[in-house]
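Participant: The structure under discussion is supplied below as structure tokens; questions concerning it will follow.
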Amino acid sequence: MVSSDEGAARAGPDRPLPEDYVAERVKLEREARGWSTVALAERMAEAGHPVNQAAIWRIESGKPRRRVNLDEALGFCKVFDLDLDELTTPPGQLANPLVRRLVGEYVSRWKEWRALGKDMRRIQDELKAYTDANPNQEDMVKALLTHELTVASNGEFHHHLGAPSRLRSFLGDRMDAPPEQS
């Protein structure tokens with residue numbers, strides 16, 4: 001039986017490290033999948049281990065963090081496809097230094113890519129506003145953009161399936177047309 005003093009200590013800063021590891025791992029796994037706390041709560045309910053979004057936030061970020069019960073731990077294991085040992089191990093210990101470095105680089109580049117995407121959407125919106133205000137120049141703007149992207153990509157732009165859908169929509173048939181030979 002746990003005394004009330006021991007129970008209070010376990011809920012606060014003196015609780016066992018594996019409980020902190022679980023909280024860190026839940027947040028890491030959720031963020032790695034791009035899920036919100038609401039999305040994780042929905043997946044937990046679908047897996048038969050309901051926990052609400054506020055509880056997930058308190059587990060990850062509360063001061064003190066909310067404790068995870070066994071049913072919730074099993075649910076997290078199920079939705080993240082982990083075993084209990086993986087859930088309770090410090091997240092950084094699961095990967096060797098090379099993997100941690102590569103993941104760090106990837107996340108850094110991903111952040112840069114997201115920022116560039118925002119800049120590109122802003123510029124595209126400005127181009128669209130220009131062509132809306134000057135419809136007689138729309139074909140010229142699209143032709144120039146297509147030409148410059150084709151040159152910058154050494155002719156591979158038309159084969160780039162990862163082109164943002166907004167750009168594909170803006171350029172229309174020009175996106176699928178092979179580069180013109182001069």
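Here's how to read the names in the structure tokens: chain A, B, ... by the order shown, residue numbers from 1 in each chain, ligand numbers from 1 in the order shown.
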Could you list, as a PyMOL selection string, every residue within 12 Å of stretch 41-51 of chain A, counting only C-alpha atoms and ignoring same-chain residues fewer than 6 positions away?
Facilitator: chain A and resi 26+30+35+57-59+68-81
Participant: Determine which residues of stretch 17-166 of chain A DSSP labels as helix (DSSP H, G or I) from the backbone of this structure, then write them out as JSON, numbers by chain.
Facilitator: {"A": [17, 18, 19, 20, 21, 22, 23, 24, 25, 26, 27, 28, 29, 30, 31, 32, 37, 38, 39, 40, 41, 42, 43, 44, 45, 46, 53, 54, 55, 56, 57, 58, 59, 60, 61, 70, 71, 72, 73, 74, 75, 76, 77, 78, 79, 80, 84, 85, 86, 87, 88, 91, 92, 93, 94, 97, 98, 99, 100, 101, 102, 103, 104, 105, 106, 107, 108, 109, 110, 111, 112, 113, 114, 115, 116, 117, 118, 119, 120, 121, 122, 123, 124, 125, 126, 127, 128, 129, 130, 131, 132, 133, 135, 136, 137, 138, 139, 140, 141, 142, 143, 144, 145, 146, 147, 148, 149, 150, 151, 152, 157, 158, 159, 165, 166]}
Participant: For the residues selected in the previous step, produce a file with C-alpha atoms as a CSV table (one decimal), in the first residue's frame.
Facilitator:
chain,number,residue,atom,x,y,z
A,17,LEU,CA,12.3,8.5,-13.9
A,18,PRO,CA,10.5,6.0,-16.1
A,19,GLU,CA,7.3,8.0,-15.6
A,20,ASP,CA,9.1,11.1,-16.9
A,21,TYR,CA,10.4,9.0,-19.8
A,22,VAL,CA,6.9,7.9,-20.7
A,23,ALA,CA,5.7,11.6,-20.7
A,24,GLU,CA,8.7,12.6,-22.9
A,25,ARG,CA,8.1,9.6,-25.2
A,26,VAL,CA,4.4,10.3,-25.6
A,27,LYS,CA,5.2,13.8,-26.7
A,28,LEU,CA,8.0,12.8,-29.0
A,29,GLU,CA,6.0,10.0,-30.7
A,30,ARG,CA,2.9,12.3,-31.1
A,31,GLU,CA,4.9,15.2,-32.6
A,32,ALA,CA,6.9,12.8,-34.8
A,37,THR,CA,-3.2,16.1,-28.6
A,38,VAL,CA,-6.8,15.9,-29.9
A,39,ALA,CA,-5.8,13.5,-32.7
A,40,LEU,CA,-3.9,11.3,-30.2
A,41,ALA,CA,-6.9,11.2,-27.9
A,42,GLU,CA,-9.0,10.1,-30.9
A,43,ARG,CA,-6.6,7.3,-31.7
A,44,MET,CA,-6.4,6.2,-28.1
A,45,ALA,CA,-10.2,6.0,-28.0
A,46,GLU,CA,-10.2,4.0,-31.3
A,53,GLN,CA,-6.9,15.7,-24.9
A,54,ALA,CA,-6.5,17.7,-21.7
A,55,ALA,CA,-5.1,14.7,-19.9
A,56,ILE,CA,-2.6,14.1,-22.7
A,57,TRP,CA,-1.4,17.7,-22.4
A,58,ARG,CA,-1.0,17.3,-18.6
A,59,ILE,CA,0.9,14.1,-19.2
A,60,GLU,CA,3.3,15.8,-21.6
A,61,SER,CA,3.5,19.3,-20.2
A,70,LEU,CA,-1.4,1.1,-16.9
A,71,ASP,CA,-4.4,1.1,-19.3
A,72,GLU,CA,-3.1,4.4,-20.8
A,73,ALA,CA,0.4,3.1,-21.1
A,74,LEU,CA,-0.9,0.0,-23.0
A,75,GLY,CA,-2.9,2.3,-25.2
A,76,PHE,CA,0.1,4.5,-26.0
A,77,CYS,CA,2.1,1.3,-26.8
A,78,LYS,CA,-0.7,0.2,-29.2
A,79,VAL,CA,-1.2,3.5,-31.1
A,80,PHE,CA,2.6,4.2,-31.3
A,84,LEU,CA,6.3,-1.2,-22.8
A,85,ASP,CA,10.2,-1.2,-22.6
A,86,GLU,CA,10.4,1.3,-25.4
A,87,LEU,CA,7.7,3.5,-23.9
A,88,THR,CA,9.6,3.7,-20.6
A,91,PRO,CA,13.8,8.6,-25.9
A,92,GLY,CA,17.4,9.5,-26.7
A,93,GLN,CA,18.7,6.1,-25.7
A,94,LEU,CA,16.8,4.3,-28.4
A,97,PRO,CA,24.5,9.1,-32.1
A,98,LEU,CA,24.5,8.8,-35.9
A,99,VAL,CA,20.7,8.4,-36.0
A,100,ARG,CA,20.2,11.3,-33.5
A,101,ARG,CA,22.5,13.5,-35.6
A,102,LEU,CA,20.6,12.6,-38.8
A,103,VAL,CA,17.2,13.1,-37.2
A,104,GLY,CA,18.4,16.5,-35.9
A,105,GLU,CA,19.6,17.5,-39.3
A,106,TYR,CA,16.4,16.3,-40.9
A,107,VAL,CA,14.2,18.3,-38.4
A,108,SER,CA,16.3,21.4,-39.0
A,109,ARG,CA,15.9,21.1,-42.8
A,110,TRP,CA,12.2,20.4,-42.4
A,111,LYS,CA,11.8,23.6,-40.5
A,112,GLU,CA,13.7,25.5,-43.2
A,113,TRP,CA,11.5,23.8,-45.9
A,114,ARG,CA,8.4,24.9,-44.0
A,115,ALA,CA,9.6,28.5,-43.8
A,116,LEU,CA,10.5,28.4,-47.5
A,117,GLY,CA,7.1,27.0,-48.3
A,118,LYS,CA,5.4,29.9,-46.6
A,119,ASP,CA,7.6,32.4,-48.6
A,120,MET,CA,6.8,30.6,-51.8
A,121,ARG,CA,3.0,30.6,-51.1
A,122,ARG,CA,3.2,34.4,-50.3
A,123,ILE,CA,5.1,35.0,-53.6
A,124,GLN,CA,2.6,32.9,-55.5
A,125,ASP,CA,-0.3,34.8,-54.0
A,126,GLU,CA,1.3,38.0,-55.2
A,127,LEU,CA,1.7,36.6,-58.7
A,128,LYS,CA,-1.9,35.5,-58.7
A,129,ALA,CA,-3.0,38.9,-57.5
A,130,TYR,CA,-1.0,40.5,-60.3
A,131,THR,CA,-2.4,38.2,-63.0
A,132,ASP,CA,-5.9,38.8,-61.6
A,133,ALA,CA,-5.4,42.6,-61.9
A,135,PRO,CA,-5.4,39.2,-67.0
A,136,ASN,CA,-3.8,40.1,-70.4
A,137,GLN,CA,-0.4,39.2,-68.8
A,138,GLU,CA,-1.4,35.9,-67.2
A,139,ASP,CA,0.0,33.7,-70.0
A,140,MET,CA,3.3,35.7,-70.0
A,141,VAL,CA,3.7,35.3,-66.2
A,142,LYS,CA,2.9,31.6,-66.3
A,143,ALA,CA,5.2,31.0,-69.2
A,144,LEU,CA,8.1,32.9,-67.5
A,145,LEU,CA,7.6,31.1,-64.3
A,146,THR,CA,7.5,27.7,-66.0
A,147,HIS,CA,10.6,28.5,-68.1
A,148,GLU,CA,12.6,29.7,-65.1
A,149,LEU,CA,11.7,26.7,-63.0
A,150,THR,CA,12.6,24.4,-65.9
A,151,VAL,CA,16.0,26.0,-66.3
A,152,ALA,CA,16.6,26.0,-62.6
A,157,PHE,CA,10.6,20.5,-63.2
A,158,HIS,CA,7.8,18.9,-65.4
A,159,HIS,CA,8.6,15.5,-63.8
A,165,SER,CA,-0.7,21.5,-55.5
A,166,ARG,CA,-1.3,25.3,-55.4
Participant: Take atom CA of A:Ser169 and atom CA of A:Ser36 and report the distance between them in Å, one decimal.
Facilitator: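 Computing it gives 28.8 Å between the two atoms.
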Participant: Between atom CA of A:Pro64 and atom CA of A:Asp83, what distance in Å does the model show, to one decimal?
Facilitator: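 These atoms are spaced 25.3 Å apart.
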Participant: Please, what distance in Å, to one decimal, runs between atom CA of A:Arg65 and atom CA of A:Gly34?
Facilitator: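 Calculated distance between atom CA of A:Arg65 and atom CA of A:Gly34 is 21.6 Å.
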